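Trainee: For reference, the file entry-v9.pdb (PDB, C-alpha atoms and all ligand atoms) is included below:
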```pdb
ATOM      1  CA  MET A  20      -3.487  -9.291 -27.067  1.00  0.00           C
ATOM      2  CA  GLU A  21      -3.274  -5.839 -25.573  1.00  0.00           C
ATOM      3  CA  ARG A  22      -2.377  -2.703 -27.440  1.00  0.00           C
ATOM      4  CA  ILE A  23      -1.291   0.314 -25.469  1.00  0.00           C
ATOM      5  CA  ASN A  24      -1.004   3.953 -26.389  1.00  0.00           C
ATOM      6  CA  TYR A  25      -1.254   7.356 -24.770  1.00  0.00           C
ATOM      7  CA  TYR A  26      -3.501  10.373 -24.847  1.00  0.00           C
ATOM      8  CA  THR A  27      -2.155  13.666 -23.590  1.00  0.00           C
ATOM      9  CA  LEU A  28      -4.781  15.481 -21.576  1.00  0.00           C
ATOM     10  CA  ARG A  29      -4.527  19.233 -20.967  1.00  0.00           C
ATOM     11  CA  LEU A  30      -5.383  20.142 -17.376  1.00  0.00           C
ATOM     12  CA  SER A  31      -7.002  23.340 -16.078  1.00  0.00           C
ATOM     13  CA  ASP A  32      -3.737  24.584 -14.540  1.00  0.00           C
ATOM     14  CA  GLY A  33      -2.046  24.609 -17.976  1.00  0.00           C
ATOM     15  CA  THR A  34      -0.011  21.459 -17.394  1.00  0.00           C
ATOM     16  CA  SER A  35      -0.758  18.189 -19.104  1.00  0.00           C
ATOM     17  CA  THR A  36      -0.781  14.528 -18.165  1.00  0.00           C
ATOM     18  CA  ASP A  37      -0.552  11.293 -20.146  1.00  0.00           C
ATOM     19  CA  VAL A  38      -3.426   8.870 -19.974  1.00  0.00           C
ATOM     20  CA  LEU A  39      -2.465   5.300 -20.762  1.00  0.00           C
ATOM     21  CA  ILE A  40      -4.966   3.610 -23.087  1.00  0.00           C
ATOM     22  CA  GLU A  41      -5.144  -0.104 -22.563  1.00  0.00           C
ATOM     23  CA  ARG A  42      -7.185  -2.169 -25.059  1.00  0.00           C
ATOM     24  CA  LYS A  43      -8.510  -5.343 -23.520  1.00  0.00           C
ATOM     25  CA  LYS A  44     -11.025  -8.099 -24.116  1.00  0.00           C
ATOM     26  CA  ILE A  45     -13.721  -6.322 -22.081  1.00  0.00           C
ATOM     27  CA  LYS A  46     -17.193  -4.953 -22.771  1.00  0.00           C
ATOM     28  CA  ASN A  47     -17.236  -1.796 -20.696  1.00  0.00           C
ATOM     29  CA  TYR A  48     -14.583   0.810 -20.208  1.00  0.00           C
ATOM     30  CA  TYR A  49     -13.213   2.168 -16.995  1.00  0.00           C
ATOM     31  CA  MET A  50     -10.540   4.463 -15.691  1.00  0.00           C
ATOM     32  CA  LYS A  51      -8.223   4.236 -12.737  1.00  0.00           C
ATOM     33  CA  ILE A  52      -5.426   6.274 -11.243  1.00  0.00           C
ATOM     34  CA  LEU A  53      -2.542   4.737  -9.338  1.00  0.00           C
ATOM     35  CA  PRO A  54      -0.887   6.386  -6.326  1.00  0.00           C
ATOM     36  CA  ASP A  55       2.193   7.129  -8.474  1.00  0.00           C
ATOM     37  CA  LEU A  56      -0.206   9.236 -10.647  1.00  0.00           C
ATOM     38  CA  THR A  57      -0.270   6.855 -13.621  1.00  0.00           C
ATOM     39  CA  ILE A  58      -3.706   7.155 -15.225  1.00  0.00           C
ATOM     40  CA  ILE A  59      -5.021   4.130 -17.092  1.00  0.00           C
ATOM     41  CA  VAL A  60      -8.175   3.842 -19.152  1.00  0.00           C
ATOM     42  CA  SER A  61      -9.162   0.299 -20.099  1.00  0.00           C
ATOM     43  CA  VAL A  62     -11.344  -0.057 -23.191  1.00  0.00           C
ATOM     44  CA  PRO A  63     -12.660  -2.817 -25.462  1.00  0.00           C
ATOM     45  CA  LEU A  64     -10.288  -3.950 -28.212  1.00  0.00           C
ATOM     46  CA  ARG A  65     -12.010  -2.260 -31.122  1.00  0.00           C
ATOM     47  CA  LEU A  66     -13.544   0.843 -29.573  1.00  0.00           C
ATOM     48  CA  ASP A  67     -13.257   3.940 -31.808  1.00  0.00           C
ATOM     49  CA  ILE A  68     -10.322   6.099 -30.695  1.00  0.00           C
ATOM     50  CA  ASN A  69     -12.433   9.304 -30.788  1.00  0.00           C
ATOM     51  CA  ILE A  70     -14.890   7.816 -28.327  1.00  0.00           C
ATOM     52  CA  ILE A  71     -11.971   7.014 -26.030  1.00  0.00           C
ATOM     53  CA  TYR A  72     -10.656  10.576 -26.263  1.00  0.00           C
ATOM     54  CA  LYS A  73     -14.139  11.912 -25.502  1.00  0.00           C
ATOM     55  CA  PHE A  74     -14.443   9.558 -22.536  1.00  0.00           C
ATOM     56  CA  ILE A  75     -11.117  10.795 -21.165  1.00  0.00           C
ATOM     57  CA  ASP A  76     -11.999  14.461 -21.748  1.00  0.00           C
ATOM     58  CA  SER A  77     -15.334  14.042 -20.012  1.00  0.00           C
ATOM     59  CA  HIS A  78     -13.526  12.655 -16.951  1.00  0.00           C
ATOM     60  CA  LYS A  79     -11.089  15.552 -16.696  1.00  0.00           C
ATOM     61  CA  LYS A  80     -12.644  16.818 -13.438  1.00  0.00           C
ATOM     62  CA  TRP A  81     -12.388  13.361 -11.854  1.00  0.00           C
ATOM     63  CA  ILE A  82      -8.775  13.014 -13.035  1.00  0.00           C
ATOM     64  CA  GLU A  83      -7.813  16.412 -11.618  1.00  0.00           C
ATOM     65  CA  LYS A  84      -9.529  15.630  -8.315  1.00  0.00           C
ATOM     66  CA  SER A  85      -7.720  12.312  -8.044  1.00  0.00           C
ATOM     67  CA  ILE A  86      -4.325  13.801  -8.917  1.00  0.00           C
ATOM     68  CA  ASN A  87      -4.824  16.487  -6.277  1.00  0.00           C
ATOM     69  CA  LYS A  88      -5.854  13.926  -3.685  1.00  0.00           C
ATOM     70  CA  PHE A  89      -2.652  11.945  -4.167  1.00  0.00           C
ATOM     71  CA  LYS A  90      -0.489  15.064  -4.379  1.00  0.00           C
ATOM     72  CA  LYS A  91      -1.974  16.318  -1.136  1.00  0.00           C
ATOM     73  CA  ALA A  92      -1.345  12.962   0.553  1.00  0.00           C
ATOM     74  CA  LYS A  93       2.277  13.254  -0.522  1.00  0.00           C
ATOM     75  CA  GLN A  94       2.552  16.762   0.927  1.00  0.00           C
ATOM     76  CA  ASP A  95       0.969  15.642   4.197  1.00  0.00           C
ATOM     77  CA  ASN A  96       3.526  12.922   4.331  1.00  0.00           C
ATOM     78  CA  ILE A  97       5.841  13.424   7.229  1.00  0.00           C
ATOM     79  CA  LYS A  98       8.464  10.818   6.501  1.00  0.00           C
ATOM     80  CA  ASP A  99      10.127   9.098   9.428  1.00  0.00           C
ATOM     81  CA  THR A 100      12.995  11.272  10.612  1.00  0.00           C
ATOM     82  CA  LEU A 101      15.490   9.598  12.870  1.00  0.00           C
ATOM     83  CA  ILE A 102      16.878  12.698  14.539  1.00  0.00           C
ATOM     84  CA  ASN A 103      16.387  14.069  18.021  1.00  0.00           C
ATOM     85  CA  GLY A 104      12.901  15.562  18.057  1.00  0.00           C
ATOM     86  CA  GLY A 105      12.049  13.906  14.740  1.00  0.00           C
ATOM     87  CA  THR A 106       9.024  11.649  14.331  1.00  0.00           C
ATOM     88  CA  VAL A 107       8.179   8.164  13.170  1.00  0.00           C
ATOM     89  CA  LYS A 108       4.852   6.619  12.265  1.00  0.00           C
ATOM     90  CA  ILE A 109       3.532   3.395  13.753  1.00  0.00           C
ATOM     91  CA  LEU A 110      -0.035   2.141  13.263  1.00  0.00           C
ATOM     92  CA  ASP A 111      -1.124   5.529  11.921  1.00  0.00           C
ATOM     93  CA  ASN A 112       0.228   7.401  14.958  1.00  0.00           C
ATOM     94  CA  GLN A 113       3.130   9.798  15.040  1.00  0.00           C
ATOM     95  CA  TYR A 114       5.748   9.401  17.792  1.00  0.00           C
ATOM     96  CA  ILE A 115       8.625  11.666  18.749  1.00  0.00           C
ATOM     97  CA  VAL A 116      12.127  10.261  18.528  1.00  0.00           C
ATOM     98  CA  TYR A 117      14.873  10.699  21.121  1.00  0.00           C
ATOM     99  CA  ILE A 118      18.374   9.541  20.380  1.00  0.00           C
ATOM    100  CA  TYR A 119      20.946   8.745  23.072  1.00  0.00           C
ATOM    101  CA  SER A 120      24.585   7.827  22.693  1.00  0.00           C
ATOM    102  CA  SER A 121      25.221   4.454  24.307  1.00  0.00           C
ATOM    103  CA  ASN A 122      27.640   1.483  24.260  1.00  0.00           C
ATOM    104  CA  GLU A 123      24.652  -0.750  23.795  1.00  0.00           C
ATOM    105  CA  ASN A 124      22.146  -0.629  20.910  1.00  0.00           C
ATOM    106  CA  LYS A 125      18.541  -0.734  22.010  1.00  0.00           C
ATOM    107  CA  ILE A 126      15.240   0.924  21.207  1.00  0.00           C
ATOM    108  CA  ILE A 127      12.588   1.505  23.815  1.00  0.00           C
ATOM    109  CA  PHE A 128       9.067   2.407  22.789  1.00  0.00           C
ATOM    110  CA  ASP A 129       7.059   3.449  25.826  1.00  0.00           C
ATOM    111  CA  GLY A 130       3.832   4.068  23.947  1.00  0.00           C
ATOM    112  CA  PHE A 131       4.555   7.805  23.712  1.00  0.00           C
ATOM    113  CA  THR A 132       8.126   8.201  22.501  1.00  0.00           C
ATOM    114  CA  ILE A 133      10.703   6.169  20.628  1.00  0.00           C
ATOM    115  CA  ASN A 134      13.985   6.149  22.519  1.00  0.00           C
ATOM    116  CA  ILE A 135      16.920   5.036  20.421  1.00  0.00           C
ATOM    117  CA  TYR A 136      20.118   4.104  22.255  1.00  0.00           C
ATOM    118  CA  SER A 137      22.895   3.733  19.736  1.00  0.00           C
ATOM    119  CA  LYS A 138      26.631   3.223  19.399  1.00  0.00           C
ATOM    120  CA  LYS A 139      26.683   5.478  16.331  1.00  0.00           C
ATOM    121  CA  VAL A 140      24.331   8.397  16.908  1.00  0.00           C
ATOM    122  CA  ASN A 141      25.868  10.415  14.059  1.00  0.00           C
ATOM    123  CA  ASP A 142      25.550   7.739  11.398  1.00  0.00           C
ATOM    124  CA  ALA A 143      22.152   8.161   9.725  1.00  0.00           C
ATOM    125  CA  ASN A 144      22.343   4.868   7.776  1.00  0.00           C
ATOM    126  CA  TYR A 145      23.305   2.963  10.897  1.00  0.00           C
ATOM    127  CA  LEU A 146      20.399   4.479  12.841  1.00  0.00           C
ATOM    128  CA  GLN A 147      18.000   3.674  10.011  1.00  0.00           C
ATOM    129  CA  LYS A 148      19.130   0.053   9.959  1.00  0.00           C
ATOM    130  CA  GLN A 149      18.829  -0.178  13.721  1.00  0.00           C
ATOM    131  CA  TYR A 150      15.330   1.303  13.624  1.00  0.00           C
ATOM    132  CA  ASN A 151      14.224  -0.927  10.714  1.00  0.00           C
ATOM    133  CA  GLU A 152      15.228  -4.014  12.688  1.00  0.00           C
ATOM    134  CA  PHE A 153      13.210  -2.796  15.644  1.00  0.00           C
ATOM    135  CA  LEU A 154      10.223  -1.941  13.428  1.00  0.00           C
ATOM    136  CA  LYS A 155      10.391  -5.310  11.694  1.00  0.00           C
ATOM    137  CA  ALA A 156      10.314  -7.197  14.996  1.00  0.00           C
ATOM    138  CA  GLU A 157       7.367  -5.113  16.247  1.00  0.00           C
ATOM    139  CA  ALA A 158       5.558  -5.462  12.903  1.00  0.00           C
ATOM    140  CA  TYR A 159       6.086  -9.205  12.920  1.00  0.00           C
ATOM    141  CA  GLU A 160       4.373  -9.611  16.295  1.00  0.00           C
ATOM    142  CA  TYR A 161       1.487  -7.413  15.214  1.00  0.00           C
ATOM    143  CA  PHE A 162       1.009  -9.003  11.773  1.00  0.00           C
ATOM    144  CA  LYS A 163       1.083 -12.469  13.340  1.00  0.00           C
ATOM    145  CA  LYS A 164      -1.672 -11.462  15.736  1.00  0.00           C
ATOM    146  CA  ILE A 165      -3.871 -10.261  12.846  1.00  0.00           C
ATOM    147  CA  LEU A 166      -3.087 -13.359  10.802  1.00  0.00           C
ATOM    148  CA  ASN A 167      -4.194 -15.552  13.716  1.00  0.00           C
ATOM    149  CA  LYS A 168      -7.405 -13.551  13.984  1.00  0.00           C
ATOM    150  CA  TYR A 169      -8.362 -14.435  10.383  1.00  0.00           C
ATOM    151  CA  LEU A 170      -6.908 -17.922  10.261  1.00  0.00           C
ATOM    152  CA  PRO A 171     -10.026 -19.801  11.470  1.00  0.00           C
ATOM    153  CA  ILE A 172     -11.824 -18.695   8.271  1.00  0.00           C
ATOM    154  CA  PHE A 173      -9.253 -20.550   6.164  1.00  0.00           C
ATOM    155  CA  GLN A 174      -8.895 -23.735   8.146  1.00  0.00           C
ATOM    156  CA  LYS A 175     -11.663 -25.543   6.306  1.00  0.00           C
ATOM    157  CA  TYR A 176     -10.094 -24.851   2.892  1.00  0.00           C
ATOM    158  CA  ASN A 177      -7.170 -27.186   3.377  1.00  0.00           C
ATOM    159  CA  VAL A 178      -4.609 -24.470   2.598  1.00  0.00           C
ATOM    160  CA  PRO A 179      -0.930 -24.558   3.654  1.00  0.00           C
ATOM    161  CA  LYS A 180      -0.127 -22.955   7.003  1.00  0.00           C
ATOM    162  CA  PRO A 181       0.739 -19.323   6.262  1.00  0.00           C
ATOM    163  CA  VAL A 182       4.242 -18.038   7.001  1.00  0.00           C
ATOM    164  CA  ILE A 183       4.866 -14.297   7.258  1.00  0.00           C
ATOM    165  CA  LYS A 184       7.884 -12.572   5.770  1.00  0.00           C
ATOM    166  CA  ILE A 185       8.486  -8.832   6.100  1.00  0.00           C
ATOM    167  CA  LYS A 186      10.438  -6.710   3.639  1.00  0.00           C
ATOM    168  CA  PRO A 187      10.644  -3.002   2.888  1.00  0.00           C
ATOM    169  CA  LEU A 188       8.938  -2.940  -0.531  1.00  0.00           C
ATOM    170  CA  LYS A 189       8.686  -0.049  -2.986  1.00  0.00           C
ATOM    171  CA  SER A 190       5.436  -0.549  -4.839  1.00  0.00           C
ATOM    172  CA  LYS A 191       3.162  -3.051  -3.148  1.00  0.00           C
ATOM    173  CA  TRP A 192       1.739  -3.822   0.277  1.00  0.00           C
ATOM    174  CA  GLY A 193       1.999  -7.555   0.129  1.00  0.00           C
ATOM    175  CA  SER A 194       2.135 -10.705  -1.939  1.00  0.00           C
ATOM    176  CA  CYS A 195       1.285 -14.375  -1.510  1.00  0.00           C
ATOM    177  CA  ARG A 196       2.591 -17.712  -2.776  1.00  0.00           C
ATOM    178  CA  PRO A 197      -0.470 -19.945  -2.512  1.00  0.00           C
ATOM    179  CA  ASN A 198       1.471 -23.216  -2.971  1.00  0.00           C
ATOM    180  CA  THR A 199       3.792 -22.618  -0.006  1.00  0.00           C
ATOM    181  CA  GLY A 200       1.539 -20.325   2.029  1.00  0.00           C
ATOM    182  CA  GLU A 201       4.287 -17.717   2.144  1.00  0.00           C
ATOM    183  CA  ILE A 202       2.895 -14.217   2.680  1.00  0.00           C
ATOM    184  CA  THR A 203       5.253 -11.291   2.215  1.00  0.00           C
ATOM    185  CA  LEU A 204       4.186  -8.028   3.819  1.00  0.00           C
ATOM    186  CA  ASN A 205       5.645  -4.588   3.298  1.00  0.00           C
ATOM    187  CA  LEU A 206       7.484  -3.272   6.370  1.00  0.00           C
ATOM    188  CA  HIS A 207       5.946   0.163   5.703  1.00  0.00           C
ATOM    189  CA  LEU A 208       2.477  -1.358   6.107  1.00  0.00           C
ATOM    190  CA  TYR A 209       3.062  -1.262   9.874  1.00  0.00           C
ATOM    191  CA  LYS A 210       2.921   2.538   9.614  1.00  0.00           C
ATOM    192  CA  ALA A 211      -0.618   2.453   8.168  1.00  0.00           C
ATOM    193  CA  SER A 212      -3.882   2.131  10.108  1.00  0.00           C
ATOM    194  CA  ALA A 213      -5.038  -1.077  11.789  1.00  0.00           C
ATOM    195  CA  GLN A 214      -7.901  -1.344   9.289  1.00  0.00           C
ATOM    196  CA  CYS A 215      -5.455  -1.129   6.353  1.00  0.00           C
ATOM    197  CA  ILE A 216      -3.288  -3.863   7.880  1.00  0.00           C
ATOM    198  CA  ASP A 217      -6.342  -6.080   8.439  1.00  0.00           C
ATOM    199  CA  TYR A 218      -7.284  -5.623   4.802  1.00  0.00           C
ATOM    200  CA  VAL A 219      -3.868  -6.488   3.348  1.00  0.00           C
ATOM    201  CA  ILE A 220      -3.522  -9.591   5.510  1.00  0.00           C
ATOM    202  CA  LEU A 221      -7.049 -10.782   4.712  1.00  0.00           C
ATOM    203  CA  HIS A 222      -6.422 -10.027   1.017  1.00  0.00           C
ATOM    204  CA  GLU A 223      -3.237 -12.121   0.933  1.00  0.00           C
ATOM    205  CA  LEU A 224      -4.862 -14.934   2.920  1.00  0.00           C
ATOM    206  CA  THR A 225      -7.752 -14.943   0.448  1.00  0.00           C
ATOM    207  CA  HIS A 226      -5.233 -15.727  -2.302  1.00  0.00           C
ATOM    208  CA  LEU A 227      -4.701 -19.081  -0.584  1.00  0.00           C
ATOM    209  CA  VAL A 228      -8.256 -19.874  -1.669  1.00  0.00           C
ATOM    210  CA  HIS A 229      -8.644 -17.794  -4.857  1.00  0.00           C
ATOM    211  CA  SER A 230      -5.759 -16.800  -7.111  1.00  0.00           C
ATOM    212  CA  GLY A 231      -6.105 -13.626  -9.170  1.00  0.00           C
ATOM    213  CA  HIS A 232      -8.562 -10.793  -8.557  1.00  0.00           C
ATOM    214  CA  LYS A 233     -11.728 -12.117 -10.140  1.00  0.00           C
ATOM    215  CA  LYS A 234     -15.256 -11.707  -8.832  1.00  0.00           C
ATOM    216  CA  ARG A 235     -15.134 -14.770  -6.553  1.00  0.00           C
ATOM    217  CA  PHE A 236     -11.991 -13.389  -4.926  1.00  0.00           C
ATOM    218  CA  TYR A 237     -13.777 -10.136  -4.015  1.00  0.00           C
ATOM    219  CA  ASN A 238     -16.995 -11.914  -3.019  1.00  0.00           C
ATOM    220  CA  PHE A 239     -14.992 -13.958  -0.544  1.00  0.00           C
ATOM    221  CA  LEU A 240     -13.181 -10.867   0.757  1.00  0.00           C
ATOM    222  CA  GLU A 241     -16.408  -8.903   1.097  1.00  0.00           C
ATOM    223  CA  LYS A 242     -17.980 -11.630   3.181  1.00  0.00           C
ATOM    224  CA  TYR A 243     -15.379 -11.114   5.893  1.00  0.00           C
ATOM    225  CA  MET A 244     -14.760  -7.383   5.352  1.00  0.00           C
ATOM    226  CA  PRO A 245     -17.939  -5.743   4.009  1.00  0.00           C
ATOM    227  CA  ASN A 246     -16.368  -2.255   3.800  1.00  0.00           C
ATOM    228  CA  TYR A 247     -13.216  -3.423   1.998  1.00  0.00           C
ATOM    229  CA  ARG A 248     -13.667  -0.921  -0.856  1.00  0.00           C
ATOM    230  CA  GLU A 249     -13.227   2.065   1.476  1.00  0.00           C
ATOM    231  CA  THR A 250     -10.133   0.475   2.942  1.00  0.00           C
ATOM    232  CA  GLU A 251      -8.682  -0.060  -0.525  1.00  0.00           C
ATOM    233  CA  LYS A 252      -9.081   3.670  -1.174  1.00  0.00           C
ATOM    234  CA  GLN A 253      -7.449   4.468   2.152  1.00  0.00           C
ATOM    235  CA  LEU A 254      -4.558   2.185   1.215  1.00  0.00           C
ATOM    236  CA  ASP A 255      -4.042   4.041  -2.070  1.00  0.00           C
ATOM    237  CA  THR A 256      -3.746   7.291  -0.123  1.00  0.00           C
ATOM    238  CA  GLU A 257      -1.341   5.602   2.285  1.00  0.00           C
ATOM    239  CA  ALA A 258       0.681   4.341  -0.678  1.00  0.00           C
ATOM    240  CA  ALA A 259       1.059   7.915  -1.951  1.00  0.00           C
ATOM    241  CA  ARG A 260       2.186   8.899   1.551  1.00  0.00           C
ATOM    242  CA  LEU A 261       4.433   6.025   2.495  1.00  0.00           C
ATOM    243  CA  LEU A 262       5.705   4.359  -0.668  1.00  0.00           C
ATOM    244  CA  TYR A 263       6.256   6.897  -3.439  1.00  0.00           C
TER
HETATM  245 ZN    ZN A 301      -4.006  -9.706  -4.614  1.00  0.00          ZN
END
```
Written as structure tokens, that's how I'd like the structure from this file.
Ligand SMILES: [Zn+2]
Mentor:
Amino acid sequence: MERINYYTLRLSDGTSTDVLIERKKIKNYYMKILPDLTIIVSVPLRLDINIIYKFIDSHKKWIEKSINKFKKAKQDNIKDTLINGGTVKILDNQYIVYIYSSNENKIIFDGFTINIYSKKVNDANYLQKQYNEFLKAEAYEYFKKILNKYLPIFQKYNVPKPVIKIKPLKSKWGSCRPNTGEITLNLHLYKASAQCIDYVILHELTHLVHSGHKKRFYNFLEKYMPNYRETEKQLDTEAARLLY
């Protein structure tokens, strides 16, 4: 059973933040911060509350640093803007957008600029839909290529043949249904770096062999991506930029 309560931590700038206290069947305690700035400290079931408060207080510097890191990532965020002279992000690169009125809808990406030909140049929702379709098709080709790169690792495990689905998701990069081999990837992932995309696809594929996030899951992952921890951190920053 888990019991949850909060501790309100005063920060140096005079504001305060809630730290979620999660009591679990664990021996050690640890703290994490999510890209949406939720701070969670996980502690053993019966640990004295004053020790928990002390632990949180002693990590104030780390908490402030982490909050600032995610806030900065959010500020750096230049969201896709589908207007003439606006920009969009693909594979961690920024491209300028040009929009042309046309009787035929098409999008041409020449490696430098995104040229959107549209029947409704003044309808922002229409343009967004048109662009999302284009992005999804491009992402699909790219994700498939990465999936095929990692697939040989999984062939000996007798797992179902993976099928990729792409959706614009709000709070996660991907998910996997090990029984059907269905891997759902976030459309926004295609805006992140190649290394981040490799990680998410390898992570989801690994779930075909190991469910959950236990030690054997990460041992497996590490074997094929030794620097995966750095990439996870990079993905958290990307999440603050692209998802929240
Ligand atoms: Zn997972």
Trainee: Using only C-alpha atoms, determine which residues lie at most 7 Å from stretch 246-260 of chain A, disregarding the query and same-chain residues fewer than 6 positions distant; provide the list as an MDAnalysis selection string.
Mentor: chainID A and resid 54:55 89 92:93 96 211 214:215 218
Trainee: Between atom CA of A:Lys84 and atom CA of A:Thr34, measure the distance and give it in Å to one decimal.
Mentor: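 Atom-to-atom, atom CA of A:Lys84 to atom CA of A:Thr34, that is 14.4 Å.
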Trainee: Mind checking which residues fall within 12 Å of A:Lys186, counting all atoms listed in the file, ignoring those fewer than 4 positions away in the same chain, and posting them as an NGL selection string?
Mentor: :A and (151-152 or 154-156 or 158-159 or 190-194 or 202-209)
Trainee: Can you tell me how far atom CA of A:Arg42 sits from atom CA of A:Pro63, in Å to one decimal?
Mentor: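 So the answer is 5.5 Å.
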Trainee: Please evaluate the PyMOL selection byres (((not hetatm)) within 12 of (chain A and resi 301)) against the structure above and give the resulting residues as an NGL selection string.
Mentor: :A and (191-197 or 202-204 or 218-233 or 236-237 or 240 or 251)
Trainee: How many Å lie between atom CA of A:His78 and atom CA of A:Lys46, rounded to one decimal?
Mentor: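 One can read the atom CA of A:His78 to atom CA of A:Lys46 distance as 18.9 Å.
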Trainee: Which polymer residues have any atom within 9 Å of an atom of A:Ser61, counting all atoms listed in the file, with same-chain residues fewer than 3 positions away left out, as a list in words?
Mentor: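 What passes the distance filter is Leu39, Ile40, Glu41, Arg42, Lys43, Ile45, Asn47, Tyr48, Tyr49, Met50 and Lys51 of chain A.
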Trainee: Next, write the just-selected residues to a file, as a compact mmCIF listing (two decimals), in the frame of the given file, keeping C-alpha atoms as the atom set.
Mentor:
```txt
# COMPACT_ATOMS: atom_id res chain seq x y z
CA LEU A 39 -2.46 5.30 -20.76
CA ILE A 40 -4.97 3.61 -23.09
CA GLU A 41 -5.14 -0.10 -22.56
CA ARG A 42 -7.18 -2.17 -25.06
CA LYS A 43 -8.51 -5.34 -23.52
CA ILE A 45 -13.72 -6.32 -22.08
CA ASN A 47 -17.24 -1.80 -20.70
CA TYR A 48 -14.58 0.81 -20.21
CA TYR A 49 -13.21 2.17 -17.00
CA MET A 50 -10.54 4.46 -15.69
CA LYS A 51 -8.22 4.24 -12.74
```
Trainee: Just say which residues the PyMOL selection byres (((chain A and resi 74) around 12) and not hetatm) picks in this file, as a list of chain:residue names.
Mentor: A:Tyr26, A:Leu28, A:Val38, A:Ile40, A:Asn47, A:Tyr48, A:Tyr49, A:Met50, A:Val60, A:Ser61, A:Val62, A:Leu66, A:Asp67, A:Ile68, A:Asn69, A:Ile70, A:Ile71, A:Tyr72, A:Lys73, A:Ile75, A:Asp76, A:Ser77, A:His78, A:Lys79, A:Lys80, A:Trp81, A:Ile82
Trainee: For the file shown, what are the residues hit by the PyMOL selection byres (((chain A and resi 125) around 9) and not hetatm), laid out as a ChimeraX atom specification?
Mentor: /A:121,123-124,126-127,134-137,149,153
Trainee: Counting only C-alpha atoms, which of A:Pro179, A:Arg65, A:Glu157, A:Glu83 gets nearest to A:Arg29?
Mentor: A:Glu83
Trainee: Around all of stretch 133-148 of chain A's listed atoms, make the axis-aligned box with 4 Å on each side and tell me centre and edge lengths in Å to one decimal, as JSON.
Mentor:
```
{"center_x": 18.7, "center_y": 5.2, "center_z": 15.1, "size_x": 24.0, "size_y": 18.4, "size_z": 22.7}
```
Trainee: Any idea what's packed within 8 Å of A:Tyr117, counting all atoms listed in the file, ignoring anything in its chain fewer than 5 positions away? Could you give it as a list in words?
Mentor: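 Counting all atoms listed in the file, the residues come to Ile102, Asn103, Gly104, Gly105, Thr132, Ile133, Asn134 and Ile135 of chain A.
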Trainee: May I ask which of the residues A:Asn87, A:Asn144, A:Asn238, A:Thr199 is the closest one to A:Pro181, counting all atoms listed in the file?
Mentor: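 Of A:Asn87, A:Asn144, A:Asn238, A:Thr199, the one nearest A:Pro181 is A:Thr199, counting all atoms listed in the file.
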Trainee: Which residue out of A:Thr106, A:Thr27, A:Gln147, A:Ser212 has the minimum interatomic distance to A:Ile59 when all atoms listed in the file are used?
Mentor: A:Thr27
